[in-house]
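Undergrad: Have a peek at query19.pdb (PDB, C-alpha atoms, pLDDT in the B column).
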ATOM      1  CA  ALA A   1     -15.830  30.915  22.137  1.00 38.00           C
ATOM      2  CA  ALA A   2     -16.879  27.282  22.302  1.00 43.00           C
ATOM      3  CA  THR A   3     -16.497  25.117  19.237  1.00 46.00           C
ATOM      4  CA  ASN A   4     -19.163  22.695  18.118  1.00 49.00           C
ATOM      5  CA  CYS A   5     -18.635  19.053  17.219  1.00 53.00           C
ATOM      6  CA  CYS A   6     -21.170  16.465  16.295  1.00 49.00           C
ATOM      7  CA  ASP A   7     -22.260  13.196  17.852  1.00 52.00           C
ATOM      8  CA  ALA A   8     -20.752  14.092  21.208  1.00 53.00           C
ATOM      9  CA  LEU A   9     -17.221  13.811  19.855  1.00 63.00           C
ATOM     10  CA  THR A  10     -14.822  16.355  21.181  1.00 68.00           C
ATOM     11  CA  CYS A  11     -12.922  18.163  18.494  1.00 72.00           C
ATOM     12  CA  ALA A  12      -9.813  16.287  19.588  1.00 70.00           C
ATOM     13  CA  GLU A  13     -11.548  13.017  18.661  1.00 72.00           C
ATOM     14  CA  TYR A  14     -12.814  14.243  15.321  1.00 74.00           C
ATOM     15  CA  GLU A  15     -10.613  12.825  12.583  1.00 77.00           C
ATOM     16  CA  ASP A  16     -11.985  14.094   9.314  1.00 81.00           C
ATOM     17  CA  CYS A  17     -10.104  17.340   8.893  1.00 86.00           C
ATOM     18  CA  LYS A  18      -8.317  17.755   5.579  1.00 91.00           C
ATOM     19  CA  VAL A  19      -4.547  17.310   5.414  1.00 92.00           C
ATOM     20  CA  THR A  20      -4.227  21.102   5.214  1.00 92.00           C
ATOM     21  CA  GLU A  21      -6.150  21.543   8.461  1.00 90.00           C
ATOM     22  CA  LYS A  22      -5.573  20.785  12.102  1.00 85.00           C
ATOM     23  CA  THR A  23      -8.088  19.714  14.687  1.00 80.00           C
ATOM     24  CA  ILE A  24      -9.090  22.353  17.206  1.00 75.00           C
ATOM     25  CA  ASP A  25      -8.440  20.727  20.536  1.00 68.00           C
ATOM     26  CA  ASP A  26     -10.577  22.582  23.037  1.00 62.00           C
ATOM     27  CA  GLY A  27     -12.571  19.646  24.377  1.00 59.00           C
ATOM     28  CA  SER A  28     -15.952  21.042  23.386  1.00 59.00           C
ATOM     29  CA  THR A  29     -18.894  19.035  22.111  1.00 56.00           C
ATOM     30  CA  ALA A  30     -22.322  19.872  20.784  1.00 52.00           C
ATOM     31  CA  GLN A  31     -24.418  17.242  19.092  1.00 52.00           C
ATOM     32  CA  GLY A  32     -25.831  17.782  15.652  1.00 51.00           C
ATOM     33  CA  SER A  33     -23.504  20.455  14.366  1.00 55.00           C
ATOM     34  CA  THR A  34     -21.168  20.108  11.411  1.00 58.00           C
ATOM     35  CA  PRO A  35     -17.717  19.294  12.697  1.00 57.00           C
ATOM     36  CA  ALA A  36     -15.854  19.938   9.473  1.00 57.00           C
ATOM     37  CA  THR A  37     -16.564  23.641   9.732  1.00 61.00           C
ATOM     38  CA  THR A  38     -16.090  23.862  13.460  1.00 69.00           C
ATOM     39  CA  CYS A  39     -13.426  21.358  14.499  1.00 77.00           C
ATOM     40  CA  CYS A  40     -10.949  22.037  11.734  1.00 81.00           C
ATOM     41  CA  GLN A  41      -8.816  25.081  11.165  1.00 83.00           C
ATOM     42  CA  VAL A  42      -6.255  25.785   8.473  1.00 88.00           C
ATOM     43  CA  ASP A  43      -2.794  24.567   9.340  1.00 91.00           C
ATOM     44  CA  SER A  44      -0.448  27.072   7.757  1.00 91.00           C
ATOM     45  CA  THR A  45       2.508  24.721   8.241  1.00 92.00           C
ATOM     46  CA  VAL A  46       1.128  22.263   5.693  1.00 90.00           C
ATOM     47  CA  THR A  47       1.310  22.770   1.950  1.00 90.00           C
ATOM     48  CA  ALA A  48      -0.656  19.945   0.403  1.00 92.00           C
ATOM     49  CA  VAL A  49       0.686  18.185  -2.650  1.00 95.00           C
ATOM     50  CA  ALA A  50      -1.912  16.903  -5.093  1.00 96.00           C
ATOM     51  CA  VAL A  51      -1.649  13.801  -7.215  1.00 96.00           C
ATOM     52  CA  GLU A  52      -3.964  14.153 -10.179  1.00 96.00           C
ATOM     53  CA  GLY A  53      -5.218  11.644 -12.664  1.00 95.00           C
ATOM     54  CA  THR A  54      -7.977  10.457 -14.923  1.00 95.00           C
ATOM     55  CA  ALA A  55      -9.863   7.175 -14.931  1.00 93.00           C
ATOM     56  CA  ILE A  56     -11.998   6.202 -17.901  1.00 93.00           C
ATOM     57  CA  PHE A  57     -14.353   3.259 -17.590  1.00 93.00           C
ATOM     58  CA  VAL A  58     -17.614   1.894 -18.932  1.00 91.00           C
ATOM     59  CA  ALA A  59     -20.373   1.005 -16.503  1.00 91.00           C
ATOM     60  CA  ASP A  60     -24.118   0.917 -16.031  1.00 90.00           C
ATOM     61  CA  ALA A  61     -24.051   3.673 -13.435  1.00 92.00           C
ATOM     62  CA  THR A  62     -25.154   7.261 -13.048  1.00 92.00           C
ATOM     63  CA  MET A  63     -22.625  10.060 -12.999  1.00 93.00           C
ATOM     64  CA  GLU A  64     -23.028  10.353  -9.220  1.00 95.00           C
ATOM     65  CA  GLN A  65     -22.611   6.590  -8.697  1.00 95.00           C
ATOM     66  CA  ALA A  66     -19.461   6.682 -10.818  1.00 95.00           C
ATOM     67  CA  ARG A  67     -18.117   9.656  -8.853  1.00 96.00           C
ATOM     68  CA  THR A  68     -18.797   7.940  -5.522  1.00 96.00           C
ATOM     69  CA  ALA A  69     -17.182   4.700  -6.718  1.00 96.00           C
ATOM     70  CA  VAL A  70     -13.975   6.424  -7.850  1.00 96.00           C
ATOM     71  CA  HIS A  71     -13.902   8.476  -4.638  1.00 96.00           C
ATOM     72  CA  MET A  72     -14.206   5.386  -2.425  1.00 96.00           C
ATOM     73  CA  MET A  73     -11.799   3.353  -4.562  1.00 96.00           C
ATOM     74  CA  LEU A  74      -9.064   5.999  -4.247  1.00 96.00           C
ATOM     75  CA  ALA A  75      -9.653   6.373  -0.510  1.00 95.00           C
ATOM     76  CA  GLU A  76      -9.314   2.621  -0.081  1.00 93.00           C
ATOM     77  CA  LEU A  77      -6.366   2.039  -2.412  1.00 92.00           C
ATOM     78  CA  LEU A  78      -4.329   4.990  -1.171  1.00 94.00           C
ATOM     79  CA  SER A  79      -5.425   4.868   2.484  1.00 92.00           C
ATOM     80  CA  VAL A  80      -6.452   8.515   2.457  1.00 94.00           C
ATOM     81  CA  LYS A  81      -9.512  10.193   3.907  1.00 93.00           C
ATOM     82  CA  THR A  82     -12.345  10.973   1.516  1.00 92.00           C
ATOM     83  CA  VAL A  83     -12.160  14.676   2.451  1.00 92.00           C
ATOM     84  CA  ASP A  84      -8.734  14.782   0.797  1.00 95.00           C
ATOM     85  CA  ILE A  85     -10.005  13.563  -2.557  1.00 96.00           C
ATOM     86  CA  THR A  86     -11.921  15.508  -5.176  1.00 96.00           C
ATOM     87  CA  VAL A  87     -13.496  13.711  -8.109  1.00 97.00           C
ATOM     88  CA  THR A  88     -15.418  15.098 -11.054  1.00 97.00           C
ATOM     89  CA  VAL A  89     -17.068  12.845 -13.612  1.00 96.00           C
ATOM     90  CA  ASN A  90     -18.317  13.426 -17.126  1.00 96.00           C
ATOM     91  CA  SER A  91     -20.507  10.690 -18.515  1.00 93.00           C
ATOM     92  CA  ALA A  92     -21.543   9.976 -22.089  1.00 91.00           C
ATOM     93  CA  ALA A  93     -24.024   7.320 -23.132  1.00 85.00           C
ATOM     94  CA  LYS A  94     -22.641   4.596 -25.314  1.00 81.00           C
ATOM     95  CA  THR A  95     -24.706   3.888 -28.386  1.00 74.00           C
ATOM     96  CA  THR A  96     -24.867   1.013 -30.799  1.00 70.00           C
ATOM     97  CA  ARG A  97     -26.084   1.694 -34.309  1.00 71.00           C
ATOM     98  CA  ALA A  98     -29.484   0.436 -33.302  1.00 71.00           C
ATOM     99  CA  ARG A  99     -30.082   1.940 -29.891  1.00 68.00           C
ATOM    100  CA  ARG A 100     -28.819   3.899 -26.959  1.00 63.00           C
ATOM    101  CA  LEU A 101     -27.533   1.614 -24.234  1.00 65.00           C
ATOM    102  CA  ASP A 102     -27.920   2.004 -20.456  1.00 72.00           C
ATOM    103  CA  VAL A 103     -24.164   1.930 -20.310  1.00 85.00           C
ATOM    104  CA  PHE A 104     -22.094   5.078 -20.013  1.00 91.00           C
ATOM    105  CA  THR A 105     -18.488   5.886 -20.609  1.00 92.00           C
ATOM    106  CA  HIS A 106     -17.423   7.736 -17.485  1.00 94.00           C
ATOM    107  CA  THR A 107     -14.390   9.993 -17.442  1.00 96.00           C
ATOM    108  CA  ALA A 108     -13.376  10.655 -13.855  1.00 96.00           C
ATOM    109  CA  THR A 109     -10.825  13.365 -13.134  1.00 97.00           C
ATOM    110  CA  PHE A 110      -9.426  13.262  -9.637  1.00 97.00           C
ATOM    111  CA  ALA A 111      -7.040  14.985  -7.273  1.00 97.00           C
ATOM    112  CA  VAL A 112      -5.766  13.349  -4.104  1.00 97.00           C
ATOM    113  CA  HIS A 113      -4.202  15.719  -1.582  1.00 96.00           C
ATOM    114  CA  PHE A 114      -1.289  14.620   0.574  1.00 96.00           C
ATOM    115  CA  ALA A 115       0.315  16.403   3.502  1.00 93.00           C
ATOM    116  CA  ASP A 116       3.768  16.480   1.976  1.00 93.00           C
ATOM    117  CA  PHE A 117       5.826  15.597  -1.065  1.00 94.00           C
ATOM    118  CA  THR A 118       7.024  12.268   0.347  1.00 95.00           C
ATOM    119  CA  LYS A 119       3.473  11.057   0.965  1.00 94.00           C
ATOM    120  CA  ALA A 120       2.379  12.363  -2.436  1.00 95.00           C
ATOM    121  CA  THR A 121       5.232  10.497  -4.112  1.00 96.00           C
ATOM    122  CA  ALA A 122       4.235   7.302  -2.314  1.00 95.00           C
ATOM    123  CA  GLY A 123       0.613   7.838  -3.379  1.00 94.00           C
ATOM    124  CA  HIS A 124       1.649   8.467  -6.961  1.00 95.00           C
ATOM    125  CA  THR A 125       3.777   5.315  -6.931  1.00 95.00           C
ATOM    126  CA  ALA A 126       0.885   3.300  -5.506  1.00 93.00           C
ATOM    127  CA  LEU A 127      -1.364   4.512  -8.335  1.00 92.00           C
ATOM    128  CA  THR A 128       1.289   3.886 -10.973  1.00 91.00           C
ATOM    129  CA  ASP A 129       1.971   0.374  -9.667  1.00 91.00           C
ATOM    130  CA  LEU A 130      -1.700  -0.521  -9.569  1.00 89.00           C
ATOM    131  CA  THR A 131      -2.436  -3.311 -12.006  1.00 90.00           C
ATOM    132  CA  LYS A 132      -5.358  -3.000 -14.361  1.00 89.00           C
ATOM    133  CA  ASP A 133      -6.975  -6.051 -12.716  1.00 91.00           C
ATOM    134  CA  ALA A 134      -6.625  -4.668  -9.198  1.00 91.00           C
ATOM    135  CA  ALA A 135      -8.057  -1.310 -10.261  1.00 91.00           C
ATOM    136  CA  GLU A 136     -10.969  -2.951 -12.086  1.00 91.00           C
ATOM    137  CA  THR A 137     -11.769  -5.244  -9.164  1.00 93.00           C
ATOM    138  CA  SER A 138     -11.765  -2.358  -6.693  1.00 93.00           C
ATOM    139  CA  LEU A 139     -13.822  -0.140  -8.990  1.00 94.00           C
ATOM    140  CA  LYS A 140     -16.404  -2.894  -9.634  1.00 94.00           C
ATOM    141  CA  THR A 141     -16.790  -3.450  -5.889  1.00 94.00           C
ATOM    142  CA  GLN A 142     -17.264   0.276  -5.263  1.00 95.00           C
ATOM    143  CA  LEU A 143     -19.667   0.687  -8.211  1.00 94.00           C
ATOM    144  CA  VAL A 144     -21.920  -2.032  -6.838  1.00 94.00           C
ATOM    145  CA  ALA A 145     -21.683  -0.476  -3.349  1.00 94.00           C
ATOM    146  CA  ALA A 146     -22.689   2.881  -4.879  1.00 93.00           C
ATOM    147  CA  GLY A 147     -25.745   1.291  -6.517  1.00 92.00           C
ATOM    148  CA  GLY A 148     -24.460   0.882 -10.061  1.00 87.00           C
ATOM    149  CA  LYS A 149     -23.779  -2.229 -12.071  1.00 81.00           C
ATOM    150  CA  ASP A 150     -20.628  -3.425 -13.672  1.00 66.00           C
ATOM    151  CA  SER A 151     -20.962  -3.106 -17.431  1.00 58.00           C
ATOM    152  CA  GLU A 152     -20.126  -6.720 -18.183  1.00 52.00           C
ATOM    153  CA  ASP A 153     -22.905  -8.208 -16.080  1.00 42.00           C
TER
END
How does the structure come out when it is put into structure tokens?
TA:
Amino acid sequence: AATNCCDALTCAEYEDCKVTEKTIDDGSTAQGSTPATTCCQVDSTVTAVAVEGTAIFVADATMEQARTAVHMMLAELLSVKTVDITVTVNSAAKTTRARRLDVFTHTATFAVHFADFTKATAGHTALTDLTKDAAETSLKTQLVAAGGKDSED
């Protein structure tokens, strides 16, 4: 049975399989289909190791903008593919005594999946070594890219 891939990529060229999956290399292409479901198959030799964490920040951004920003920030900082990161965000509006502000406190819970323990350890170390300034700078950049605003502006 032929496998479908999108945008005339062969499955061998498709790179967005999760770390727990392998690319089906049968040379097939079919434009417009969803490659993730058709070019990737579970690789039973890989047991992914997750690095989990929580990021809490205040920003003028929707829950979805905050989720996207954290997702992209982690992908960039840890050099992992976005398919290997899951992020959930809970947002609560900040209020002053007088009024409700447009600013939310976002609590992002994330899991980054690595192909093995060594890579997971390196990823964990990279997160642990991240300075507050570096994290804030990256997050601000990603928030703006996602359509939100940094809270201090």
Undergrad: Using all atoms listed in the file, can you tell me which of A:Thr47, A:Thr82, A:Thr62, A:Asn90 comes closest to Lys119 (chain A)?
TA: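 Using all atoms listed in the file, Lys119 (chain A) sits closest to A:Thr47.
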Undergrad: Calculate how many Å separate CA of Ala135 (chain A) from CA of Lys18 (chain A), rounding to one decimal.
TA: 24.8 Å
Undergrad: So which residues get picked by the PyMOL selection byres ((chain A and resi 59) around 10) here, written as number ranges by chain?
TA: A: 56-58, 60-63, 65-66, 91, 93-94, 102-106, 140, 143, 148-153
Undergrad: For the residues in that selection, give me C-alpha atoms as a PDB file, in the coordinates of the input.
TA:
ATOM      1  CA  ILE A  56     -11.998   6.202 -17.901  1.00 93.00           C
ATOM      2  CA  PHE A  57     -14.353   3.259 -17.590  1.00 93.00           C
ATOM      3  CA  VAL A  58     -17.614   1.894 -18.932  1.00 91.00           C
ATOM      4  CA  ASP A  60     -24.118   0.917 -16.031  1.00 90.00           C
ATOM      5  CA  ALA A  61     -24.051   3.673 -13.435  1.00 92.00           C
ATOM      6  CA  THR A  62     -25.154   7.261 -13.048  1.00 92.00           C
ATOM      7  CA  MET A  63     -22.625  10.060 -12.999  1.00 93.00           C
ATOM      8  CA  GLN A  65     -22.611   6.590  -8.697  1.00 95.00           C
ATOM      9  CA  ALA A  66     -19.461   6.682 -10.818  1.00 95.00           C
ATOM     10  CA  SER A  91     -20.507  10.690 -18.515  1.00 93.00           C
ATOM     11  CA  ALA A  93     -24.024   7.320 -23.132  1.00 85.00           C
ATOM     12  CA  LYS A  94     -22.641   4.596 -25.314  1.00 81.00           C
ATOM     13  CA  ASP A 102     -27.920   2.004 -20.456  1.00 72.00           C
ATOM     14  CA  VAL A 103     -24.164   1.930 -20.310  1.00 85.00           C
ATOM     15  CA  PHE A 104     -22.094   5.078 -20.013  1.00 91.00           C
ATOM     16  CA  THR A 105     -18.488   5.886 -20.609  1.00 92.00           C
ATOM     17  CA  HIS A 106     -17.423   7.736 -17.485  1.00 94.00           C
ATOM     18  CA  LYS A 140     -16.404  -2.894  -9.634  1.00 94.00           C
ATOM     19  CA  LEU A 143     -19.667   0.687  -8.211  1.00 94.00           C
ATOM     20  CA  GLY A 148     -24.460   0.882 -10.061  1.00 87.00           C
ATOM     21  CA  LYS A 149     -23.779  -2.229 -12.071  1.00 81.00           C
ATOM     22  CA  ASP A 150     -20.628  -3.425 -13.672  1.00 66.00           C
ATOM     23  CA  SER A 151     -20.962  -3.106 -17.431  1.00 58.00           C
ATOM     24  CA  GLU A 152     -20.126  -6.720 -18.183  1.00 52.00           C
ATOM     25  CA  ASP A 153     -22.905  -8.208 -16.080  1.00 42.00           C
TER      26      ASP A 153
END
Undergrad: I'd like to know which of A:Thr121, A:Thr141, A:Thr107, A:Thr20 is closest to Cys40 (chain A), using all atoms listed in the file.
TA: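 So, comparing all the options, the nearest one is A:Thr20.
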Undergrad: Please, what distance in Å, to one decimal, runs between CA of Phe114 (chain A) and CA of Ala48 (chain A)?
TA: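 Spanning CA of Phe114 (chain A) to CA of Ala48 (chain A) is a straight-line distance of 5.4 Å.
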